[in-house]
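Asks: Structure in structure tokens, see below.
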Amino acid sequence: MGAQLGQVYRDSAFYLDAESGELKSKYFLVLAAPVKSDIVIRLLTSRYEGLRPEMPACFHGDPYPGYFLGILGHPLSRKSWLDLRKTSDLDPWDFARHLSDGRIQSICSLANSQLKPALDCAANADDTTKLQERWIRDVLSGLP
């Protein structure tokens, strides 16, 4: 099973905490999953709530470009933003392996009414590569 467009996932071992040496989890949204190519994601964050705007939902300025998603529901019970800073794409083979072994878990999916403006905002972000933008815009053109 591959990554699902518009799906929020939790990776329980996304990064290594330099101070504690522990593997830490992160939530991410799948923006594009082209066939035979890497999966375009952006991380979710609830940090710096007072410094991140809610209106407009799409914000490309400093210090924290993001797209306000609101409160998505358990376990994402705080206000969340799609962090528009650079994030490495995921290898589809690794994603599928981590999904099957339980390291990555599906949390929720965004409705098209929320996904479409989030995709458009991410496609226009400064840290989105031209290739990522093309894949995201291909997804957008296929959504109802």
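Note on naming: chains are A, B, ... as they come in the structure tokens, residues start from 1 per chain, ligands start from 1 in the order shown.
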Find the residues near Tyr9 of chain A: any atom within 7 Å, counting only C-alpha atoms, skip ones fewer than 3 places away on the same chain, and give them as a ChimeraX atom specification.
Replies: /A:27-29,104-107
Asks: Compile the contact shell of His60 of chain A as a list in words: residues with an atom at most 8 Å away, counting only C-alpha atoms, same-chain residues fewer than 5 positions apart removed.
Replies: Pro65, Gly66, Leu84, Ala125 and Asp126 of chain A
Asks: If you run DSSP on the backbone here, which positions in chain A get strand (DSSP E or B)? Please write them as a ChimeraX atom specification.
Replies: /A:7-16,23-32,39-45,58-59,66-70,73,76,80-83,90,104-109
Asks: Using DSSP on the backbone, list every residue of chain A that comes out as helix (DSSP H, G or I), and give them as a ChimeraX atom specification.
Replies: /A:49-51,92-100,112-123,130-142
Asks: Given only C-alpha atoms as the basis, pick out the residue of A:Lys86, A:His74, A:Lys79, A:Arg134 nearest to Ile41 of chain A.
Replies: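 Closest residue, counting only C-alpha atoms: A:Lys86.
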Asks: In Å, how far is it from atom CA of Glu133 of chain A to atom CA of Asp120 of chain A?
Replies: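 Atom CA of Asp120 of chain A lies at a distance of 9.1 Å from atom CA of Glu133 of chain A.
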Asks: Between A:Ala3, A:Ala123, A:Val139, A:Leu115, which one has atoms that come closest to Asp38 of chain A, using only C-alpha atoms?
Replies: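 Closest residue, counting only C-alpha atoms: A:Ala3.
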Asks: Between A:Trp135, A:Cys108, A:Gln114, A:Ala32, single out the one closest to Gly70 of chain A, counting only C-alpha atoms.
Replies: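 Using only C-alpha atoms, the shortest distance to Gly70 of chain A belongs to A:Gln114.
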